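K.L.:
One file is attached below, input_11.cif, containing mmCIF, C-alpha atoms.
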data_data
#
loop_
_atom_site.label_atom_id
_atom_site.label_comp_id
_atom_site.auth_asym_id
_atom_site.auth_seq_id
_atom_site.Cartn_x
_atom_site.Cartn_y
_atom_site.Cartn_z
CA MET A 1 6.83 -64.81 17.82
CA THR A 2 7.41 -61.25 16.64
CA ARG A 3 9.19 -60.85 13.32
CA HIS A 4 11.70 -58.01 13.38
CA VAL A 5 11.44 -56.85 9.79
CA ARG A 6 12.22 -53.38 8.50
CA HIS A 7 13.65 -54.11 5.08
CA VAL A 8 11.47 -53.11 2.14
CA PRO A 9 12.07 -55.02 -1.13
CA VAL A 10 14.05 -53.17 -3.79
CA ASP A 11 12.43 -52.24 -7.10
CA ASN A 12 15.28 -51.61 -9.55
CA SER A 13 12.92 -50.57 -12.34
CA THR A 14 12.08 -47.30 -10.58
CA LEU A 15 15.56 -46.16 -9.51
CA HIS A 16 15.57 -43.16 -11.87
CA LEU A 17 12.04 -41.92 -11.13
CA PRO A 18 10.99 -39.02 -8.86
CA ARG A 19 10.41 -40.30 -5.35
CA ILE A 20 7.54 -40.07 -2.88
CA LEU A 21 8.35 -40.50 0.81
CA CYS A 22 5.73 -42.61 2.58
CA LEU A 23 4.89 -42.31 6.28
CA HIS A 24 2.96 -45.13 7.92
CA GLY A 25 0.21 -44.81 10.49
CA GLY A 26 0.71 -44.99 14.25
CA GLY A 27 1.19 -48.48 15.66
CA THR A 28 2.54 -50.02 12.46
CA ASN A 29 5.84 -49.79 10.54
CA ALA A 30 7.41 -49.29 7.12
CA ARG A 31 7.21 -52.96 6.11
CA ILE A 32 3.50 -53.12 6.88
CA PHE A 33 2.82 -49.84 5.09
CA HIS A 34 4.62 -51.16 2.05
CA ALA A 35 2.20 -54.10 2.03
CA GLN A 36 -0.78 -51.80 2.55
CA CYS A 37 0.30 -49.62 -0.39
CA ARG A 38 1.07 -52.52 -2.74
CA ALA A 39 -1.73 -51.75 -5.19
CA LEU A 40 -0.98 -48.02 -5.20
CA GLU A 41 2.75 -48.59 -5.64
CA GLN A 42 2.14 -50.94 -8.55
CA ALA A 43 -0.14 -48.41 -10.24
CA LEU A 44 2.34 -45.56 -9.75
CA ARG A 45 5.38 -47.56 -10.88
CA PRO A 46 5.61 -46.00 -14.38
CA TRP A 47 5.94 -42.50 -12.90
CA PHE A 48 7.12 -42.58 -9.27
CA ARG A 49 9.25 -44.57 -6.84
CA LEU A 50 7.85 -44.97 -3.32
CA CYS A 51 10.25 -44.87 -0.38
CA TYR A 52 9.10 -45.89 3.11
CA ALA A 53 10.29 -44.24 6.31
CA GLU A 54 9.81 -45.78 9.75
CA GLY A 55 8.78 -44.06 12.96
CA ILE A 56 11.37 -44.13 15.74
CA PHE A 57 9.12 -44.25 18.80
CA PRO A 58 8.06 -47.73 20.00
CA SER A 59 4.30 -48.26 19.96
CA GLN A 60 1.61 -50.78 20.61
CA PRO A 61 0.08 -52.10 17.38
CA GLY A 62 -2.95 -50.24 16.10
CA SER A 63 -6.29 -51.99 16.42
CA ASP A 64 -6.64 -52.16 12.64
CA VAL A 65 -3.17 -53.72 12.33
CA THR A 66 -3.38 -56.71 14.67
CA ALA A 67 -5.93 -58.61 12.60
CA VAL A 68 -3.49 -59.10 9.70
CA TYR A 69 -0.03 -57.92 10.77
CA ARG A 70 0.22 -58.78 14.46
CA ASP A 71 3.40 -60.84 13.84
CA PHE A 72 5.14 -58.11 11.86
CA GLY A 73 6.55 -55.96 14.66
CA PRO A 74 8.18 -54.09 16.16
CA PHE A 75 5.53 -51.42 15.82
CA ARG A 76 6.35 -47.74 15.63
CA ALA A 77 4.81 -44.29 15.88
CA TRP A 78 5.83 -40.81 14.76
CA ILE A 79 4.82 -39.14 18.01
CA ASP A 80 5.80 -39.99 21.58
CA PRO A 81 2.75 -39.19 23.74
CA THR A 82 4.93 -39.02 26.86
CA ASP A 83 7.10 -36.18 25.49
CA THR A 84 5.49 -32.98 24.19
CA ASN A 85 8.81 -31.26 23.49
CA PRO A 86 8.66 -30.30 19.78
CA ARG A 87 12.44 -30.64 19.50
CA THR A 88 12.19 -34.33 20.40
CA THR A 89 9.53 -34.95 17.78
CA SER A 90 11.37 -32.94 15.15
CA GLU A 91 14.73 -34.61 15.71
CA ALA A 92 13.19 -38.09 15.66
CA LEU A 93 11.24 -37.31 12.49
CA HIS A 94 14.18 -35.88 10.62
CA LYS A 95 16.36 -38.79 11.73
CA SER A 96 13.84 -41.24 10.32
CA ILE A 97 13.56 -39.32 7.04
CA ALA A 98 17.35 -39.14 6.73
CA GLN A 99 17.66 -42.88 7.31
CA ALA A 100 15.01 -43.71 4.72
CA ILE A 101 16.61 -41.44 2.14
CA ALA A 102 20.11 -42.77 2.83
CA GLU A 103 18.92 -46.38 2.58
CA ASP A 104 17.17 -45.71 -0.72
CA ASN A 105 20.20 -43.88 -2.07
CA ARG A 106 22.32 -46.92 -1.20
CA GLN A 107 20.03 -48.91 -3.48
CA HIS A 108 21.21 -46.53 -6.25
CA ALA A 109 17.96 -44.60 -6.50
CA THR A 110 18.68 -41.24 -8.12
CA GLY A 111 15.33 -39.51 -8.58
CA PRO A 112 14.56 -36.37 -6.56
CA PHE A 113 12.23 -36.55 -3.58
CA VAL A 114 9.19 -34.57 -4.65
CA GLY A 115 6.17 -35.75 -2.67
CA LEU A 116 4.88 -37.08 0.62
CA LEU A 117 2.28 -39.76 1.21
CA GLY A 118 0.97 -40.50 4.68
CA PHE A 119 -1.78 -42.53 6.28
CA SER A 120 -3.54 -41.60 9.55
CA GLN A 121 -0.84 -40.40 11.97
CA GLY A 122 1.58 -40.40 9.06
CA ALA A 123 -0.77 -38.03 7.20
CA LYS A 124 -0.78 -35.73 10.24
CA VAL A 125 3.01 -35.64 10.13
CA CYS A 126 3.09 -35.09 6.35
CA ALA A 127 0.79 -32.10 6.79
CA SER A 128 3.06 -30.81 9.54
CA LEU A 129 6.11 -31.17 7.29
CA ILE A 130 4.63 -29.17 4.44
CA LEU A 131 3.41 -26.56 6.89
CA GLU A 132 6.95 -26.28 8.27
CA GLN A 133 8.31 -25.96 4.75
CA GLN A 134 5.83 -23.17 4.06
CA LEU A 135 6.79 -21.32 7.24
CA MET A 136 10.51 -21.70 6.58
CA GLY A 137 9.96 -20.32 3.10
CA GLN A 138 8.59 -17.18 4.70
CA GLY A 139 11.87 -16.26 6.33
CA GLY A 140 13.09 -19.34 8.17
CA SER A 141 15.99 -21.58 7.32
CA ALA A 142 15.43 -25.11 6.10
CA ARG A 143 17.05 -27.92 8.02
CA GLY A 144 19.47 -30.12 6.10
CA ILE A 145 18.87 -33.84 5.81
CA GLU A 146 21.80 -36.14 5.25
CA GLY A 147 21.63 -37.83 1.87
CA CYS A 148 19.72 -35.06 0.10
CA GLY A 149 22.54 -32.67 -0.64
CA VAL A 150 24.54 -30.22 1.40
CA ASN A 151 22.48 -28.18 3.87
CA SER A 152 19.30 -28.84 1.95
CA SER A 153 15.98 -30.55 2.53
CA PRO A 154 13.77 -32.11 -0.10
CA ARG A 155 11.41 -29.60 -1.57
CA TRP A 156 8.03 -31.22 -1.11
CA ARG A 157 6.02 -30.29 -4.20
CA PHE A 158 2.85 -32.06 -3.06
CA ALA A 159 1.43 -34.38 -0.40
CA VAL A 160 -1.14 -37.16 -0.45
CA LEU A 161 -2.98 -37.38 2.88
CA LEU A 162 -4.97 -40.55 3.51
CA ALA A 163 -7.31 -40.39 6.50
CA GLY A 164 -5.38 -37.57 8.15
CA ARG A 165 -6.59 -35.50 11.10
CA GLY A 166 -5.33 -32.71 13.32
CA PRO A 167 -3.95 -31.15 15.30
CA LEU A 168 -0.66 -30.67 13.48
CA VAL A 169 2.62 -30.93 15.32
CA THR A 170 5.26 -28.24 15.71
CA LEU A 171 8.64 -29.21 14.28
CA SER A 172 10.95 -26.30 15.08
CA PRO A 173 11.48 -23.57 17.69
CA GLN A 174 10.48 -21.07 15.01
CA SER A 175 7.06 -22.60 14.53
CA VAL A 176 6.51 -22.94 18.28
CA GLN A 177 7.23 -19.26 18.77
CA ALA A 178 5.39 -18.01 15.69
CA ASP A 179 2.36 -15.92 16.55
CA LEU A 180 0.48 -17.79 13.84
CA PHE A 181 0.28 -20.69 16.30
CA HIS A 182 -2.31 -19.55 18.77
CA LYS A 183 -4.61 -22.50 19.33
CA MET A 184 -3.57 -25.05 21.94
CA GLY A 185 -3.56 -28.68 20.89
CA ARG A 186 -2.03 -31.97 21.96
CA LEU A 187 0.66 -33.82 20.04
CA TRP A 188 -0.92 -37.24 20.27
CA GLU A 189 -3.82 -38.71 18.36
CA ASN A 190 -7.29 -38.20 19.79
CA ASP A 191 -7.52 -41.83 20.83
CA GLY A 192 -9.88 -41.41 23.77
CA SER A 193 -7.25 -41.93 26.46
CA ASP A 194 -7.85 -40.46 29.89
CA ARG A 195 -4.71 -38.36 29.51
CA GLN A 196 -6.37 -36.27 26.83
CA ASN A 197 -9.00 -35.11 29.30
CA ASP A 198 -6.49 -34.14 31.96
CA PRO A 199 -6.31 -30.31 32.00
CA LYS A 200 -2.90 -30.49 33.69
CA TRP A 201 -1.31 -32.48 30.87
CA PRO A 202 1.23 -30.42 28.83
CA GLU A 203 -0.01 -29.05 25.54
CA ASN A 204 1.69 -27.68 22.48
CA LEU A 205 0.89 -25.05 19.89
CA VAL A 206 -0.60 -25.88 16.53
CA LEU A 207 -1.56 -23.87 13.50
CA THR A 208 -5.00 -22.35 13.07
CA ARG A 209 -4.66 -19.20 10.92
CA GLU A 210 -1.89 -20.05 8.47
CA LEU A 211 -3.59 -22.08 5.76
CA ILE A 212 -1.38 -24.61 3.99
CA GLN A 213 -0.83 -23.77 0.33
CA VAL A 214 1.36 -26.69 -0.69
CA PRO A 215 -0.78 -28.72 -3.14
CA THR A 216 -2.44 -31.70 -1.47
CA ILE A 217 -4.69 -34.60 -2.31
CA HIS A 218 -6.96 -35.70 0.55
CA VAL A 219 -8.31 -39.25 0.52
CA HIS A 220 -11.28 -39.97 2.79
CA GLY A 221 -13.10 -43.25 3.30
CA ILE A 222 -16.78 -42.45 3.66
CA ARG A 223 -17.24 -45.35 6.11
CA ASP A 224 -14.27 -44.32 8.24
CA PRO A 225 -15.54 -43.70 11.82
CA ASN A 226 -13.29 -40.62 11.99
CA LEU A 227 -14.46 -39.09 8.72
CA ASP A 228 -15.59 -35.88 10.43
CA LEU A 229 -12.07 -35.36 11.82
CA HIS A 230 -10.53 -35.91 8.39
CA ARG A 231 -12.86 -33.34 6.87
CA LYS A 232 -12.06 -30.93 9.68
CA LEU A 233 -8.35 -31.17 8.89
CA LEU A 234 -9.03 -30.39 5.24
CA TYR A 235 -11.39 -27.46 5.73
CA GLU A 236 -9.70 -25.81 8.72
CA TYR A 237 -6.00 -26.21 7.90
CA PHE A 238 -5.73 -25.99 4.11
CA ASP A 239 -6.24 -23.33 1.49
CA LEU A 240 -8.88 -25.06 -0.62
CA ARG A 241 -7.50 -23.53 -3.82
CA TYR A 242 -4.60 -25.98 -3.51
CA THR A 243 -6.49 -29.13 -2.51
CA GLN A 244 -8.25 -32.01 -4.20
CA LEU A 245 -10.60 -34.34 -2.32
CA ILE A 246 -11.18 -38.00 -3.15
CA GLU A 247 -13.87 -39.86 -1.26
CA TRP A 248 -14.10 -43.61 -1.59
CA ASP A 249 -16.36 -46.32 -0.22
CA GLY A 250 -14.05 -47.60 2.50
CA GLU A 251 -13.14 -47.59 6.18
CA HIS A 252 -9.91 -46.63 7.94
CA ARG A 253 -7.39 -48.20 5.58
CA VAL A 254 -5.42 -47.65 2.39
CA PRO A 255 -7.47 -48.20 -0.79
CA LEU A 256 -6.72 -51.49 -2.56
CA LYS A 257 -9.45 -51.94 -5.18
CA ALA A 258 -8.48 -51.02 -8.73
CA LYS A 259 -11.15 -48.34 -9.19
CA ASP A 260 -10.18 -46.54 -5.97
CA VAL A 261 -6.45 -46.77 -6.65
CA SER A 262 -6.96 -45.58 -10.24
CA ALA A 263 -8.84 -42.50 -9.05
CA LEU A 264 -5.94 -41.55 -6.78
CA VAL A 265 -3.26 -42.24 -9.39
CA GLU A 266 -5.17 -40.12 -11.89
CA GLU A 267 -5.18 -37.18 -9.46
CA ILE A 268 -1.47 -37.56 -8.69
CA ASN A 269 -0.59 -37.66 -12.37
CA TYR A 270 -2.80 -34.65 -13.04
CA LEU A 271 -1.16 -32.69 -10.23
CA TRP A 272 2.46 -33.59 -10.91
CA PRO A 273 3.00 -31.59 -14.14
CA LEU A 274 1.54 -28.55 -12.41
CA VAL A 275 4.05 -28.60 -9.54
CA MET A 276 7.15 -30.28 -10.99
CA PHE A 277 9.05 -27.04 -11.69
#
Could you express the structure from this file as structure tokens?
P.N.:
Amino acid sequence: MTRHVRHVPVDNSTLHLPRILCLHGGGTNARIFHAQCRALEQALRPWFRLCYAEGIFPSQPGSDVTAVYRDFGPFRAWIDPTDTNPRTTSEALHKSIAQAIAEDNRQHATGPFVGLLGFSQGAKVCASLILEQQLMGQGGSARGIEGCGVNSSPRWRFAVLLAGRGPLVTLSPQSVQADLFHKMGRLWENDGSDRQNDPKWPENLVLTRELIQVPTIHVHGIRDPNLDLHRKLLYEYFDLRYTQLIEWDGEHRVPLKAKDVSALVEEINYLWPLVMF
């Protein structure tokens, strides 16, 4: 029997702390990601509050999810592979973010949203969000998100990308039309489906020349079968002056061991004073 659980337990001790918005991987959900991040959340508790958003698009569970969390559906994704309209993706994403922020605010959390943390497909979307923020800061207008102030979006000071890969997704008509977006790429994950090899399947535009300069921490498992794709995202999409790489002895999952979590927390706490103003 599938358990329909979305609620994430409340941590009243962190209500006043700056907040990090967490985006789960494809084929999972916010409740599962909360469990996957339990060691990281515990280690960050003195400094940050983690808030978990949930993808809106229904999804089959990921292969790495079914072994432990197969009864914890429904499962969600950030990208609908049947719809390559960037407006659909953008509206669904911002709706999910607004819901997560509003729910956390109702728990009386008061800290500002300052960072993003995403795993796998969630890391792809986090990278796309900070890219969009960068583009909008170059002459565009930021989209307001209910619950974060009038006509304002959170200002993402940094992002933590765990096992992320490209291509990035376009999130506004401005970014679709920008001449910086000249390489064609698909919205969905490179999961080996036949659809990806169909030259007639619709494609969308993704960034290739505009390097992301929002500070980021990239976390790569050296035994992850997609490690090459994670490295490609780092070295092709990001200005390396603003990045920090952590490699750990793991596969395609969120680090849980104390030494691996401590290394990531140390980098976050080193970065935060540099970007907090």
K.L.:
Could you tell me which residues the PyMOL selection byres ((chain A and resi 130) around 12) returns for this structure, as a ChimeraX atom specification?
P.N.:
/A:114-118,123-129,131-137,142,153-161,168-171,210-216,237-238
K.L.:
Report the centre and edge lengths, in Å to one decimal, of an axis-aligned box enclosing every atom of stretch 215-221 of chain A listed in the file, padded by 6 Å on each side, as AutoDock Vina command-line options.
P.N.:
--center_x -6.9 --center_y -36.0 --center_z 0.1 --size_x 24.3 --size_y 26.5 --size_z 18.4
K.L.:
For each of A:His230, A:Arg223, A:Arg19, A:His252, take the minimum atom-to-atom distance to A:Ala109, counting all atoms listed in the file, then give the residue where this is smallest.
P.N.:
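The shortest atom-to-atom distance to A:Ala109 comes from A:Arg19.
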K.L.:
Find the residues around stretch 20-33 of chain A up to 8 Å (all atoms listed in the file counted), leave out those fewer than 3 positions away in its own chain, and share them as an MDAnalysis selection string.
P.N.:
chainID A and resid 5:8 36:37 48:55 59:62 65 69 72:78 113:123 125:126
K.L.:
Using the selection just defined, write its residues with C-alpha atoms as a tab-separated table (two decimals), in the frame of the given file.
P.N.:
chain	number	residue	atom	x	y	z
A	5	VAL	CA	11.44	-56.85	9.79
A	6	ARG	CA	12.22	-53.38	8.50
A	7	HIS	CA	13.65	-54.11	5.08
A	8	VAL	CA	11.47	-53.11	2.14
A	36	GLN	CA	-0.78	-51.80	2.55
A	37	CYS	CA	0.30	-49.62	-0.39
A	48	PHE	CA	7.12	-42.58	-9.27
A	49	ARG	CA	9.25	-44.57	-6.84
A	50	LEU	CA	7.85	-44.97	-3.32
A	51	CYS	CA	10.25	-44.87	-0.38
A	52	TYR	CA	9.10	-45.89	3.11
A	53	ALA	CA	10.29	-44.24	6.31
A	54	GLU	CA	9.81	-45.78	9.75
A	55	GLY	CA	8.78	-44.06	12.96
A	59	SER	CA	4.30	-48.26	19.96
A	60	GLN	CA	1.61	-50.78	20.61
A	61	PRO	CA	0.08	-52.10	17.38
A	62	GLY	CA	-2.95	-50.24	16.10
A	65	VAL	CA	-3.17	-53.72	12.33
A	69	TYR	CA	-0.03	-57.92	10.77
A	72	PHE	CA	5.14	-58.11	11.86
A	73	GLY	CA	6.55	-55.96	14.66
A	74	PRO	CA	8.18	-54.09	16.16
A	75	PHE	CA	5.53	-51.42	15.82
A	76	ARG	CA	6.35	-47.74	15.63
A	77	ALA	CA	4.81	-44.29	15.88
A	78	TRP	CA	5.83	-40.81	14.76
A	113	PHE	CA	12.23	-36.55	-3.58
A	114	VAL	CA	9.19	-34.57	-4.65
A	115	GLY	CA	6.17	-35.75	-2.67
A	116	LEU	CA	4.88	-37.08	0.62
A	117	LEU	CA	2.28	-39.76	1.21
A	118	GLY	CA	0.97	-40.50	4.68
A	119	PHE	CA	-1.78	-42.53	6.28
A	120	SER	CA	-3.54	-41.60	9.55
A	121	GLN	CA	-0.84	-40.40	11.97
A	122	GLY	CA	1.58	-40.40	9.06
A	123	ALA	CA	-0.77	-38.03	7.20
A	125	VAL	CA	3.01	-35.64	10.13
A	126	CYS	CA	3.09	-35.09	6.35
K.L.:
Please measure the separation of atom CA of A:Ala43 and atom CA of A:Ser262, giving the value in Å to one decimal.
P.N.:
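Those two atoms sit 7.4 Å apart.
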K.L.:
From the set A:Leu245, A:Ala67, A:Leu162, A:Ile56, which residue has the shortest atom-to-atom contact distance to A:Ile79, counting only C-alpha atoms?
P.N.:
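Closest residue, counting only C-alpha atoms: A:Ile56.
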K.L.:
To one decimal in Å, tell me the separation between atom CA of A:Pro273 and atom CA of A:His16.
P.N.:
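Computing the Euclidean distance for atom CA of A:Pro273 and atom CA of A:His16 yields 17.2 Å.
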K.L.:
If I take atom CA of A:Leu271 and atom CA of A:Thr243, how far is one from the other in Å, to one decimal?
P.N.:
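Interatomic distance here is 10.0 Å.
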K.L.:
Calculated over all atoms listed in the file, which of the candidates A:Ala92, A:Val265, A:Val219, A:Leu229 has the smallest distance to A:Ala39?
P.N.:
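Residue with the minimum atom-to-atom distance to A:Ala39: A:Val265.
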K.L.:
Restricting the calculation to all atoms listed in the file, which member of A:Leu40, A:Leu93, A:Ile101, A:Ile217 is positioned closest to A:Ile268?
P.N.:
A:Ile217
K.L.:
Could you name the residues that touch A:Asp224 at 9 Å or less, counting only C-alpha atoms, but leaving out those on the same chain fewer than 5 positions away, as a PyMOL selection string?
P.N.:
chain A and resi 163+249-253
K.L.:
Between A:Asn226, A:Ser90, A:Thr110, A:Asn85, which one has atoms that come closest to A:Leu17, using all atoms listed in the file?
P.N.:
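Smallest separation from A:Leu17 among the options: A:Thr110.
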